[in-house]
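Next comes work25.cif, with mmCIF, C-alpha atoms.
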data_query
loop_
_atom_site.group_PDB
_atom_site.id
_atom_site.type_symbol
_atom_site.label_atom_id
_atom_site.label_comp_id
_atom_site.auth_asym_id
_atom_site.auth_seq_id
_atom_site.Cartn_x
_atom_site.Cartn_y
_atom_site.Cartn_z
ATOM 1 C CA GLU A 693 17.781 5.256 9.302
ATOM 2 C CA ASP A 694 16.996 1.655 8.321
ATOM 3 C CA VAL A 695 14.510 2.770 5.664
ATOM 4 C CA LEU A 696 16.448 5.589 3.985
ATOM 5 C CA ASP A 697 17.952 3.298 1.349
ATOM 6 C CA TYR A 698 14.431 2.246 0.346
ATOM 7 C CA ILE A 699 13.177 5.748 -0.464
ATOM 8 C CA ASP A 700 11.845 6.180 -3.994
ATOM 9 C CA TRP A 701 12.620 9.819 -4.800
ATOM 10 C CA ASN A 702 10.703 9.991 -8.083
ATOM 11 C CA PRO A 703 7.269 10.626 -6.498
ATOM 12 C CA PHE A 704 8.926 13.228 -4.248
ATOM 13 C CA PHE A 705 9.842 15.360 -7.255
ATOM 14 C CA GLN A 706 6.423 14.747 -8.799
ATOM 15 C CA THR A 707 4.803 16.126 -5.632
ATOM 16 C CA TRP A 708 6.741 19.315 -6.263
ATOM 17 C CA GLU A 709 5.753 19.232 -9.951
ATOM 18 C CA LEU A 710 9.359 18.864 -11.054
ATOM 19 C CA ARG A 711 9.580 16.646 -14.115
ATOM 20 C CA GLY A 712 12.649 16.300 -16.268
ATOM 21 C CA LYS A 713 12.514 15.542 -19.966
ATOM 22 C CA TYR A 714 13.854 12.297 -21.426
ATOM 23 C CA PRO A 715 16.546 11.113 -20.806
ATOM 24 C CA ASN A 716 16.565 13.059 -17.525
ATOM 25 C CA ARG A 717 13.140 12.152 -16.197
ATOM 26 C CA GLY A 718 13.898 10.101 -13.103
ATOM 27 C CA TYR A 719 16.085 10.439 -10.027
ATOM 28 C CA PRO A 720 19.037 11.091 -10.085
ATOM 29 C CA LYS A 721 19.121 12.010 -13.794
ATOM 30 C CA ILE A 722 16.629 14.804 -13.129
ATOM 31 C CA PHE A 723 19.537 16.860 -11.743
ATOM 32 C CA ASN A 724 20.952 17.015 -15.290
ATOM 33 C CA ASP A 725 17.764 18.419 -16.806
ATOM 34 C CA GLU A 726 18.241 21.857 -18.356
ATOM 35 C CA ARG A 727 14.886 23.179 -17.210
ATOM 36 C CA VAL A 728 14.366 21.794 -13.674
ATOM 37 C CA GLY A 729 17.749 20.271 -12.762
ATOM 38 C CA VAL A 730 19.072 23.124 -10.594
ATOM 39 C CA GLU A 731 15.773 23.504 -8.724
ATOM 40 C CA ALA A 732 15.500 19.740 -8.227
ATOM 41 C CA LYS A 733 19.036 19.549 -6.772
ATOM 42 C CA LYS A 734 18.353 22.395 -4.350
ATOM 43 C CA LEU A 735 15.114 20.728 -3.242
ATOM 44 C CA PHE A 736 16.886 17.399 -2.791
ATOM 45 C CA ASP A 737 19.656 18.999 -0.710
ATOM 46 C CA ASP A 738 17.043 20.731 1.456
ATOM 47 C CA ALA A 739 15.312 17.369 1.893
ATOM 48 C CA GLN A 740 18.569 15.760 3.059
ATOM 49 C CA ASP A 741 19.102 18.560 5.594
ATOM 50 C CA MET A 742 15.536 18.165 6.832
ATOM 51 C CA LEU A 743 15.949 14.396 7.171
ATOM 52 C CA LYS A 744 19.095 14.902 9.274
ATOM 53 C CA ARG A 745 17.225 17.360 11.495
ATOM 54 C CA ILE A 746 14.260 14.991 11.835
ATOM 55 C CA MET A 747 16.502 12.089 12.860
ATOM 56 C CA LYS A 748 18.464 14.213 15.311
ATOM 57 C CA GLU A 749 15.384 15.750 16.949
ATOM 58 C CA LYS A 750 13.190 12.638 16.509
ATOM 59 C CA THR A 751 10.260 14.760 15.364
ATOM 60 C CA LEU A 752 8.971 12.026 13.019
ATOM 61 C CA TRP A 753 8.863 8.335 13.814
ATOM 62 C CA LEU A 754 7.698 5.178 12.077
ATOM 63 C CA ASP A 755 5.448 2.547 13.586
ATOM 64 C CA GLY A 756 3.631 -0.432 12.174
ATOM 65 C CA VAL A 757 2.239 -3.906 12.602
ATOM 66 C CA THR A 758 2.355 -6.964 10.384
ATOM 67 C CA GLY A 759 0.795 -10.402 10.469
ATOM 68 C CA ILE A 760 1.094 -13.643 8.510
ATOM 69 C CA PHE A 761 -1.989 -15.819 8.781
ATOM 70 C CA ALA A 762 -2.958 -19.325 7.715
ATOM 71 C CA ALA A 763 -5.465 -18.839 4.903
ATOM 72 C CA ASN A 764 -7.427 -20.597 2.176
ATOM 73 C CA ARG A 765 -9.710 -19.613 -0.638
ATOM 74 C CA SER A 766 -13.355 -20.024 0.339
ATOM 75 C CA PRO A 767 -15.433 -22.852 -1.181
ATOM 76 C CA CYS A 768 -17.305 -20.315 -3.339
ATOM 77 C CA GLY A 769 -13.940 -19.188 -4.731
ATOM 78 C CA GLU A 770 -14.525 -15.492 -4.108
ATOM 79 C CA ASP A 771 -13.163 -14.829 -0.589
ATOM 80 C CA VAL A 772 -10.168 -15.672 1.591
ATOM 81 C CA ILE A 773 -10.727 -17.379 4.933
ATOM 82 C CA VAL A 774 -8.179 -16.383 7.598
ATOM 83 C CA TYR A 775 -7.606 -18.856 10.441
ATOM 84 C CA GLU A 776 -6.533 -18.488 14.069
ATOM 85 C CA ASP A 777 -3.563 -20.830 13.529
ATOM 86 C CA ASN A 778 -2.190 -23.441 11.173
ATOM 87 C CA SER A 779 -4.546 -26.136 12.488
ATOM 88 C CA ARG A 780 -7.135 -24.241 10.359
ATOM 89 C CA THR A 781 -9.965 -25.289 12.656
ATOM 90 C CA LYS A 782 -11.140 -21.848 13.800
ATOM 91 C CA ARG A 783 -11.792 -18.838 11.598
ATOM 92 C CA LYS A 784 -10.260 -15.508 12.563
ATOM 93 C CA GLY A 785 -11.830 -13.498 9.741
ATOM 94 C CA VAL A 786 -12.840 -13.398 6.087
ATOM 95 C CA LEU A 787 -11.335 -11.156 3.424
ATOM 96 C CA CYS A 788 -13.953 -10.469 0.748
ATOM 97 C CA MET A 789 -12.766 -9.963 -2.814
ATOM 98 C CA LEU A 790 -14.176 -8.548 -6.040
ATOM 99 C CA ARG A 791 -13.782 -10.135 -9.473
ATOM 100 C CA GLN A 792 -13.256 -8.600 -12.891
ATOM 101 C CA GLN A 793 -16.342 -8.733 -15.113
ATOM 102 C CA ALA A 794 -15.718 -6.417 -18.064
ATOM 103 C CA GLU A 795 -15.262 -8.048 -21.436
ATOM 104 C CA LYS A 796 -11.583 -8.513 -22.329
ATOM 105 C CA GLU A 797 -9.805 -8.180 -25.649
ATOM 106 C CA HIS A 798 -7.849 -11.354 -24.942
ATOM 107 C CA ASP A 799 -8.734 -14.745 -23.447
ATOM 108 C CA GLY A 800 -7.195 -14.149 -20.020
ATOM 109 C CA PRO A 801 -9.111 -15.030 -16.831
ATOM 110 C CA HIS A 802 -11.330 -12.579 -14.981
ATOM 111 C CA LEU A 803 -9.187 -12.118 -11.892
ATOM 112 C CA SER A 804 -9.926 -11.833 -8.207
ATOM 113 C CA GLN A 805 -7.330 -11.592 -5.445
ATOM 114 C CA ALA A 806 -8.884 -14.765 -4.041
ATOM 115 C CA ASP A 807 -7.380 -16.622 -7.021
ATOM 116 C CA PHE A 808 -3.911 -16.136 -5.523
ATOM 117 C CA ILE A 809 -4.694 -18.205 -2.394
ATOM 118 C CA ALA A 810 -4.881 -22.024 -2.409
ATOM 119 C CA PRO A 811 -8.248 -23.743 -1.772
ATOM 120 C CA GLU A 812 -9.082 -25.695 1.364
ATOM 121 C CA GLY A 813 -6.990 -28.819 1.795
ATOM 122 C CA HIS A 814 -3.782 -27.015 0.830
ATOM 123 C CA GLU A 815 -1.442 -25.131 3.166
ATOM 124 C CA ASP A 816 -1.275 -21.453 2.276
ATOM 125 C CA PHE A 817 -0.896 -18.134 4.040
ATOM 126 C CA ILE A 818 -1.666 -14.463 3.557
ATOM 127 C CA GLY A 819 0.246 -11.524 4.974
ATOM 128 C CA MET A 820 -0.875 -8.002 5.779
ATOM 129 C CA PHE A 821 0.516 -4.877 7.354
ATOM 130 C CA ALA A 822 -0.286 -1.326 8.370
ATOM 131 C CA VAL A 823 2.489 1.245 8.784
ATOM 132 C CA ALA A 824 2.549 4.964 9.517
ATOM 133 C CA CYS A 825 4.796 7.975 9.883
ATOM 134 C CA HIS A 826 3.790 9.727 13.101
ATOM 135 C CA GLY A 827 4.521 13.325 14.088
ATOM 136 C CA CYS A 828 4.017 14.920 10.678
ATOM 137 C CA ALA A 829 0.866 16.873 11.590
ATOM 138 C CA GLU A 830 2.619 18.431 14.594
ATOM 139 C CA LEU A 831 5.846 19.282 12.770
ATOM 140 C CA ALA A 832 4.043 20.613 9.698
ATOM 141 C CA GLY A 833 1.759 22.579 12.009
ATOM 142 C CA LYS A 834 4.786 24.188 13.636
ATOM 143 C CA TYR A 835 6.017 25.432 10.259
ATOM 144 C CA GLU A 836 2.522 26.581 9.325
ATOM 145 C CA LYS A 837 2.390 28.764 12.461
ATOM 146 C CA GLU A 838 5.698 30.250 11.332
ATOM 147 C CA ASN A 839 4.176 30.958 7.884
ATOM 148 C CA ASP A 840 6.846 28.663 6.432
ATOM 149 C CA ASP A 841 4.884 26.880 3.702
ATOM 150 C CA TYR A 842 8.032 25.567 2.034
ATOM 151 C CA ASN A 843 9.193 23.527 5.036
ATOM 152 C CA LYS A 844 5.617 22.532 5.857
ATOM 153 C CA ILE A 845 5.190 20.920 2.418
ATOM 154 C CA LEU A 846 8.742 19.524 2.591
ATOM 155 C CA VAL A 847 7.937 17.715 5.856
ATOM 156 C CA GLN A 848 4.656 16.363 4.477
ATOM 157 C CA SER A 849 6.260 15.080 1.278
ATOM 158 C CA LEU A 850 9.118 13.480 3.250
ATOM 159 C CA ALA A 851 6.676 11.774 5.620
ATOM 160 C CA ASP A 852 4.972 10.208 2.594
ATOM 161 C CA ARG A 853 8.324 9.003 1.213
ATOM 162 C CA LEU A 854 9.416 7.614 4.601
ATOM 163 C CA VAL A 855 6.275 5.553 5.144
ATOM 164 C CA GLU A 856 6.400 4.211 1.575
ATOM 165 C CA ALA A 857 10.050 3.281 2.166
ATOM 166 C CA TYR A 858 9.045 1.553 5.412
ATOM 167 C CA ALA A 859 6.394 -0.417 3.518
ATOM 168 C CA GLU A 860 8.990 -1.395 0.892
ATOM 169 C CA LYS A 861 11.465 -2.568 3.528
ATOM 170 C CA LEU A 862 8.813 -4.393 5.548
ATOM 171 C CA HIS A 863 7.564 -6.187 2.442
ATOM 172 C CA ARG A 864 11.130 -7.323 1.740
ATOM 173 C CA ASP A 865 11.546 -8.481 5.361
ATOM 174 C CA ILE A 866 8.308 -10.466 5.017
ATOM 175 C CA ARG A 867 9.454 -12.159 1.795
ATOM 176 C CA VAL A 868 12.991 -12.942 2.933
ATOM 177 C CA ASP A 869 12.705 -13.442 6.699
ATOM 178 C CA LEU A 870 9.362 -13.190 8.520
ATOM 179 C CA TRP A 871 7.450 -15.392 6.058
ATOM 180 C CA GLY A 872 10.550 -16.441 4.155
ATOM 181 C CA TYR A 873 8.927 -17.563 0.925
ATOM 182 C CA ALA A 874 11.726 -15.862 -1.041
ATOM 183 C CA GLN A 875 14.735 -16.462 1.209
ATOM 184 C CA ASP A 876 17.169 -16.459 -1.705
ATOM 185 C CA GLU A 877 16.041 -13.063 -3.022
ATOM 186 C CA LYS A 878 18.940 -10.754 -3.810
ATOM 187 C CA LEU A 879 17.609 -7.619 -5.475
ATOM 188 C CA GLU A 880 19.083 -4.160 -5.778
ATOM 189 C CA LYS A 881 16.981 -1.132 -4.818
ATOM 190 C CA GLU A 882 16.167 -0.398 -8.458
ATOM 191 C CA ASP A 883 14.781 -3.907 -8.885
ATOM 192 C CA LEU A 884 12.621 -3.545 -5.762
ATOM 193 C CA LEU A 885 11.105 -0.327 -7.094
ATOM 194 C CA LYS A 886 10.438 -2.049 -10.425
ATOM 195 C CA ILE A 887 8.603 -4.849 -8.570
ATOM 196 C CA LYS A 888 10.889 -7.641 -9.761
ATOM 197 C CA TYR A 889 10.220 -9.766 -6.666
ATOM 198 C CA ASP A 890 7.765 -12.645 -6.170
ATOM 199 C CA GLY A 891 4.325 -11.711 -4.903
ATOM 200 C CA ILE A 892 2.368 -8.468 -4.582
ATOM 201 C CA ARG A 893 1.152 -6.100 -1.859
ATOM 202 C CA PRO A 894 -2.148 -4.599 -3.030
ATOM 203 C CA ALA A 895 -3.726 -1.892 -0.872
ATOM 204 C CA PRO A 896 -7.433 -1.586 -0.050
ATOM 205 C CA GLY A 897 -9.190 1.099 -2.057
ATOM 206 C CA TYR A 898 -6.873 0.586 -5.026
ATOM 207 C CA PRO A 899 -7.871 -1.051 -8.337
ATOM 208 C CA SER A 900 -7.297 -4.696 -7.301
ATOM 209 C CA GLN A 901 -9.696 -4.297 -4.341
ATOM 210 C CA PRO A 902 -11.531 -0.958 -4.560
ATOM 211 C CA ASP A 903 -13.559 -1.514 -1.374
ATOM 212 C CA HIS A 904 -12.225 0.625 1.487
ATOM 213 C CA THR A 905 -14.466 -1.188 4.004
ATOM 214 C CA GLU A 906 -12.096 -4.171 3.882
ATOM 215 C CA LYS A 907 -9.846 -2.062 6.113
ATOM 216 C CA PHE A 908 -12.168 -2.904 9.018
ATOM 217 C CA THR A 909 -11.126 -6.555 8.683
ATOM 218 C CA TYR A 910 -7.429 -5.646 8.380
ATOM 219 C CA TRP A 911 -7.628 -3.498 11.504
ATOM 220 C CA ASP A 912 -9.387 -6.258 13.466
ATOM 221 C CA LEU A 913 -6.892 -8.919 12.389
ATOM 222 C CA LEU A 914 -3.844 -6.736 13.072
ATOM 223 C CA ASP A 915 -5.225 -4.741 16.034
ATOM 224 C CA ALA A 916 -3.626 -1.850 14.167
ATOM 225 C CA GLU A 917 -5.062 0.979 16.255
ATOM 226 C CA ASN A 918 -3.796 -0.417 19.556
ATOM 227 C CA VAL A 919 -0.477 -1.784 18.303
ATOM 228 C CA ALA A 920 0.615 0.982 15.897
ATOM 229 C CA ASN A 921 -1.749 3.873 16.771
ATOM 230 C CA ILE A 922 -3.132 4.008 13.222
ATOM 231 C CA LYS A 923 -6.789 5.002 13.179
ATOM 232 C CA LEU A 924 -9.524 4.922 10.545
ATOM 233 C CA SER A 925 -11.665 7.996 9.893
ATOM 234 C CA GLU A 926 -15.398 7.755 9.241
ATOM 235 C CA HIS A 927 -14.543 7.886 5.534
ATOM 236 C CA LEU A 928 -11.947 5.103 6.100
ATOM 237 C CA SER A 929 -8.914 7.204 5.323
ATOM 238 C CA MET A 930 -5.986 6.329 7.572
ATOM 239 C CA ILE A 931 -4.801 8.614 10.373
ATOM 240 C CA PRO A 932 -2.041 9.797 10.304
ATOM 241 C CA ALA A 933 -2.292 10.749 6.642
ATOM 242 C CA SER A 934 1.141 9.269 5.874
ATOM 243 C CA SER A 935 0.051 5.655 6.330
ATOM 244 C CA VAL A 936 0.087 2.540 4.149
ATOM 245 C CA SER A 937 -1.808 -0.727 4.538
ATOM 246 C CA ALA A 938 -1.788 -3.752 2.269
ATOM 247 C CA LEU A 939 -2.241 -7.471 1.875
ATOM 248 C CA VAL A 940 0.767 -9.619 0.978
ATOM 249 C CA PHE A 941 0.421 -12.472 -1.515
ATOM 250 C CA ALA A 942 3.265 -14.942 -2.134
ATOM 251 C CA HIS A 943 1.874 -16.692 -5.245
ATOM 252 C CA LYS A 944 4.452 -16.445 -8.041
ATOM 253 C CA GLU A 945 1.731 -15.687 -10.582
ATOM 254 C CA SER A 946 -0.045 -13.083 -8.449
ATOM 255 C CA GLU A 947 -0.328 -9.761 -10.229
ATOM 256 C CA TYR A 948 -1.769 -6.303 -9.922
ATOM 257 C CA PHE A 949 -4.941 -5.695 -11.898
ATOM 258 C CA ALA A 950 -7.959 -3.418 -11.989
ATOM 259 C CA VAL A 951 -11.322 -4.928 -11.070
ATOM 260 C CA GLY A 952 -13.054 -2.409 -13.347
ATOM 261 C CA PRO A 953 -16.838 -2.158 -13.827
ATOM 262 C CA ILE A 954 -18.990 -4.666 -11.926
ATOM 263 C CA THR A 955 -22.654 -5.597 -12.291
ATOM 264 C CA LYS A 956 -25.472 -5.378 -9.756
ATOM 265 C CA GLU A 957 -25.464 -9.188 -9.485
ATOM 266 C CA GLN A 958 -21.892 -9.146 -8.172
ATOM 267 C CA VAL A 959 -22.646 -6.270 -5.799
ATOM 268 C CA GLU A 960 -25.631 -8.191 -4.394
ATOM 269 C CA ASP A 961 -23.524 -11.321 -3.906
ATOM 270 C CA TYR A 962 -20.663 -9.298 -2.414
ATOM 271 C CA ALA A 963 -23.000 -7.528 0.035
ATOM 272 C CA ARG A 964 -24.437 -10.886 1.098
ATOM 273 C CA ARG A 965 -20.972 -12.332 1.724
ATOM 274 C CA LYS A 966 -19.980 -9.283 3.757
ATOM 275 C CA GLY A 967 -23.236 -9.173 5.708
ATOM 276 C CA LYS A 968 -24.006 -5.646 4.468
ATOM 277 C CA THR A 969 -26.917 -4.111 2.603
ATOM 278 C CA VAL A 970 -26.688 -3.680 -1.154
ATOM 279 C CA GLU A 971 -27.290 0.055 -0.728
ATOM 280 C CA GLU A 972 -24.338 0.431 1.643
ATOM 281 C CA MET A 973 -21.984 -1.419 -0.675
ATOM 282 C CA GLU A 974 -23.209 0.594 -3.664
ATOM 283 C CA ARG A 975 -22.175 3.761 -1.825
ATOM 284 C CA TRP A 976 -18.651 2.458 -1.262
ATOM 285 C CA LEU A 977 -18.310 0.933 -4.729
ATOM 286 C CA GLY A 978 -19.916 3.785 -6.639
ATOM 287 C CA PRO A 979 -16.968 4.526 -8.974
ATOM 288 C CA ILE A 980 -16.873 0.972 -10.376
ATOM 289 C CA LEU A 981 -20.610 0.239 -10.729
ATOM 290 C CA SER A 982 -21.560 -0.587 -14.312
ATOM 291 C CA TYR A 983 -25.130 0.552 -13.649
ATOM 292 C CA HIS A 984 -26.873 3.592 -12.199
#
I need this file expressed as structure tokens, please.
Amino acid sequence: EDVLDYIDWNPFFQTWELRGKYPNRGYPKIFNDERVGVEAKKLFDDAQDMLKRIMKEKTLWLDGVTGIFAANRSPCGEDVIVYEDNSRTKRKGVLCMLRQQAEKEHDGPHLSQADFIAPEGHEDFIGMFAVACHGCAELAGKYEKENDDYNKILVQSLADRLVEAYAEKLHRDIRVDLWGYAQDEKLEKEDLLKIKYDGIRPAPGYPSQPDHTEKFTYWDLLDAENVANIKLSEHLSMIPASSVSALVFAHKESEYFAVGPITKEQVEDYARRKGKTVEEMERWLGPILSYH
């Protein structure tokens, strides 16, 4: 119930391929759309009924783990060193980052997520979390056995919305309370969804850090499998499917960006820093390699 107010319904309607035309594109204006409004309202009402049933019967539940760690940018400037505690004498892990290399139309810097963490000698921290909606496979499977594809897809799409809402709420709790770097934040839901807060929460495998193997480090630091029962498949997708993991940066100038194409020289350096072979990293980074 705590996360319901944080649900972003727009992707829910997109999952069902319901898109209103301007000015009725987004929720709740989509209900006024001449073409899809009636269908969208019926779907939304069904979703509310399903949510009530889920909460009453406790067929889906949310679990997660978060951590805030003392951290500094590495001397080479490309990674983030995570420490056991704020004495910063013992390393707990290293988060390896990738840097933009493609030529830019403007004079802006070639970014890496490491840029958003202070160098050694300065006190800084990095947050991370992994959250999941459990029970979806079982509940969806029940509807599948009943040949009820509608409710099966409804449950799956709601599980995705619930875990994203949990991530949104947890990120706010980190900013305002757990880490407290934005204690005075007072944002409405619409402002949260428009990312009007300080800091970012980039996920592994997404454009700012396209390397899924960084999840191994997250899982070690958070003990995510034992604490929240979130597993990693051999292809490093998260299990259950409705799961979200991310880093949390507090830097006021931190921003989302796409690493884009990278050269073999960076891949070789990255593999060395991670203690992996170049061939292994080329397999994981295939979509962004600027060479063949």
May I have a table of the residues of segment 724-765 of chain A lying at most 9 Å from segment 810-814 of chain A, giving each one's closest pair of atoms and their distance in Å to one decimal, counting all atoms listed in the file, ordered by chain and ascending residue number, as JSON lines?
{"residue": "A:Ala763", "atom": "CA", "partner": "A:Ala810", "partner_atom": "CA", "distance": 8.0}
{"residue": "A:Asn764", "atom": "CA", "partner": "A:Pro811", "partner_atom": "CA", "distance": 5.1}
{"residue": "A:Arg765", "atom": "CA", "partner": "A:Pro811", "partner_atom": "CA", "distance": 4.5}
Taking the point (-3.0, -28.0, 11.8) as given in the file, collect each protein or nucleic acid residue that comes within 12 Å of it, counting only C-alpha atoms, and present the set as JSON, numbers by chain.
{"A": [762, 763, 775, 776, 777, 778, 779, 780, 781, 782, 813, 814, 815, 816]}
Quick one: residues within 12 Å of Gly769 of chain A, all atoms listed in the file counted, chain neighbours fewer than 5 positions away excluded, as a PyMOL selection string?
chain A and resi 764+787-791+803-812+965
Same residues, C-alpha atoms, output as a compact mmCIF listing (two decimals), keeping the file's coordinate frame:
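out.txt written:
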# COMPACT_ATOMS: atom_id res chain seq x y z
CA ASN A 764 -7.43 -20.60 2.18
CA LEU A 787 -11.34 -11.16 3.42
CA CYS A 788 -13.95 -10.47 0.75
CA MET A 789 -12.77 -9.96 -2.81
CA LEU A 790 -14.18 -8.55 -6.04
CA ARG A 791 -13.78 -10.14 -9.47
CA LEU A 803 -9.19 -12.12 -11.89
CA SER A 804 -9.93 -11.83 -8.21
CA GLN A 805 -7.33 -11.59 -5.44
CA ALA A 806 -8.88 -14.76 -4.04
CA ASP A 807 -7.38 -16.62 -7.02
CA PHE A 808 -3.91 -16.14 -5.52
CA ILE A 809 -4.69 -18.20 -2.39
CA ALA A 810 -4.88 -22.02 -2.41
CA PRO A 811 -8.25 -23.74 -1.77
CA GLU A 812 -9.08 -25.70 1.36
CA ARG A 965 -20.97 -12.33 1.72
Restricting the calculation to all atoms listed in the file: of A:Ile845, A:Met747, A:Ile931, A:Ala822, which residue gets closest to Tyr858 of chain A?
A:Ala822
Quick check on the file I pasted: which residues fall under the PyMOL selection byres ((chain A and resi 710-720) around 10)? Write them as a list in words.
Asp700, Trp701, Asn702, Pro703, Phe704, Phe705, Gln706, Thr707, Trp708, Glu709, Lys721, Ile722, Phe723, Asn724, Asp725, Glu726, Arg727, Val728, Gly729, Glu731, Ala732, Lys733, Leu735 and Phe736 of chain A
Evaluate the PyMOL selection byres ((chain A and resi 956-964) around 9) and report residues as JSON, numbers by chain:
{"A": [770, 788, 789, 790, 791, 793, 954, 955, 965, 966, 967, 968, 969, 970, 971, 972, 973, 974, 977, 981, 982, 983]}
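In this model, the gap between atom CA of Thr909 of chain A and atom CA of Val774 of chain A comes to 10.3 Å.
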What residues come out when you apply the PyMOL selection byres ((chain A and resi 830) around 12) to this file, written as a PyMOL selection string?
chain A and resi 751-753+825-829+831-837+844+847-848+851+932
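Going from atom CA of Ser900 of chain A to atom CA of Gln875 of chain A covers 26.4 Å.
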Could you give me, as a PyMOL selection string, the residues that sit within 10 Å of (7.3, -6.0, 3.5) in the file's coordinates, counting all atoms listed in the file?
chain A and resi 758+819-821+857-871+892-893+938-940
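Distances from A:Leu879, A:Ala916, A:Glu906, A:Lys944 to Gly785 of chain A were compared using only C-alpha atoms, and the smallest one belongs to A:Glu906.
Distance-wise, atom CA of Gly759 of chain A and atom CA of Arg853 of chain A end up 22.8 Å apart.
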Among the residues A:Val757, A:Ser766, A:Glu838, A:Asp890, the one that comes closest to Arg783 of chain A [using all atoms listed in the file]
A:Ser766
Rank A:Gly897, A:Glu882, A:Tyr889, A:Met930 by their smallest atom-to-atom distance to Glu945 of chain A, using only C-alpha atoms, and report the top residue only.
A:Tyr889
Can you write segment 900-905 of chain A from the block above with all heavy atoms, as a short mmCIF file (atom, residue, chain, number, x, y, z; two decimals), in the first residue's frame?
data_model
loop_
_atom_site.label_atom_id
_atom_site.label_comp_id
_atom_site.auth_asym_id
_atom_site.auth_seq_id
_atom_site.Cartn_x
_atom_site.Cartn_y
_atom_site.Cartn_z
N SER A 900 23.98 4.41 -19.50
CA SER A 900 25.06 5.03 -18.72
C SER A 900 26.12 4.03 -18.26
O SER A 900 27.25 4.42 -17.97
CB SER A 900 24.49 5.75 -17.49
OG SER A 900 23.65 6.82 -17.88
N GLN A 901 25.73 2.75 -18.15
CA GLN A 901 26.68 1.68 -17.82
C GLN A 901 26.14 0.40 -18.45
O GLN A 901 25.39 -0.35 -17.82
CB GLN A 901 26.87 1.55 -16.31
CG GLN A 901 27.71 0.37 -15.82
CD GLN A 901 28.93 0.02 -16.64
OE1 GLN A 901 28.83 -0.28 -17.82
NE2 GLN A 901 30.11 0.04 -16.03
N PRO A 902 26.49 0.16 -19.73
CA PRO A 902 25.88 -0.94 -20.48
C PRO A 902 26.36 -2.33 -20.10
O PRO A 902 25.90 -3.31 -20.68
CB PRO A 902 26.28 -0.63 -21.94
CG PRO A 902 26.88 0.73 -21.93
CD PRO A 902 27.38 0.98 -20.55
N ASP A 903 27.26 -2.43 -19.13
CA ASP A 903 27.85 -3.72 -18.77
C ASP A 903 27.03 -4.42 -17.70
O ASP A 903 27.07 -4.05 -16.52
CB ASP A 903 29.29 -3.51 -18.30
CG ASP A 903 29.96 -4.81 -17.88
OD1 ASP A 903 29.45 -5.88 -18.24
OD2 ASP A 903 31.00 -4.73 -17.21
N HIS A 904 26.32 -5.48 -18.08
CA HIS A 904 25.51 -6.24 -17.12
C HIS A 904 26.37 -6.94 -16.06
O HIS A 904 25.87 -7.25 -14.97
CB HIS A 904 24.66 -7.27 -17.85
CG HIS A 904 23.46 -6.70 -18.54
ND1 HIS A 904 22.29 -6.40 -17.87
CD2 HIS A 904 23.25 -6.37 -19.83
CE1 HIS A 904 21.41 -5.91 -18.73
NE2 HIS A 904 21.97 -5.88 -19.92
N THR A 905 27.65 -7.21 -16.35
CA THR A 905 28.46 -7.96 -15.38
C THR A 905 28.73 -7.16 -14.11
O THR A 905 29.15 -7.73 -13.09
CB THR A 905 29.80 -8.41 -15.98
OG1 THR A 905 30.65 -7.28 -16.21
CG2 THR A 905 29.59 -9.16 -17.30
#
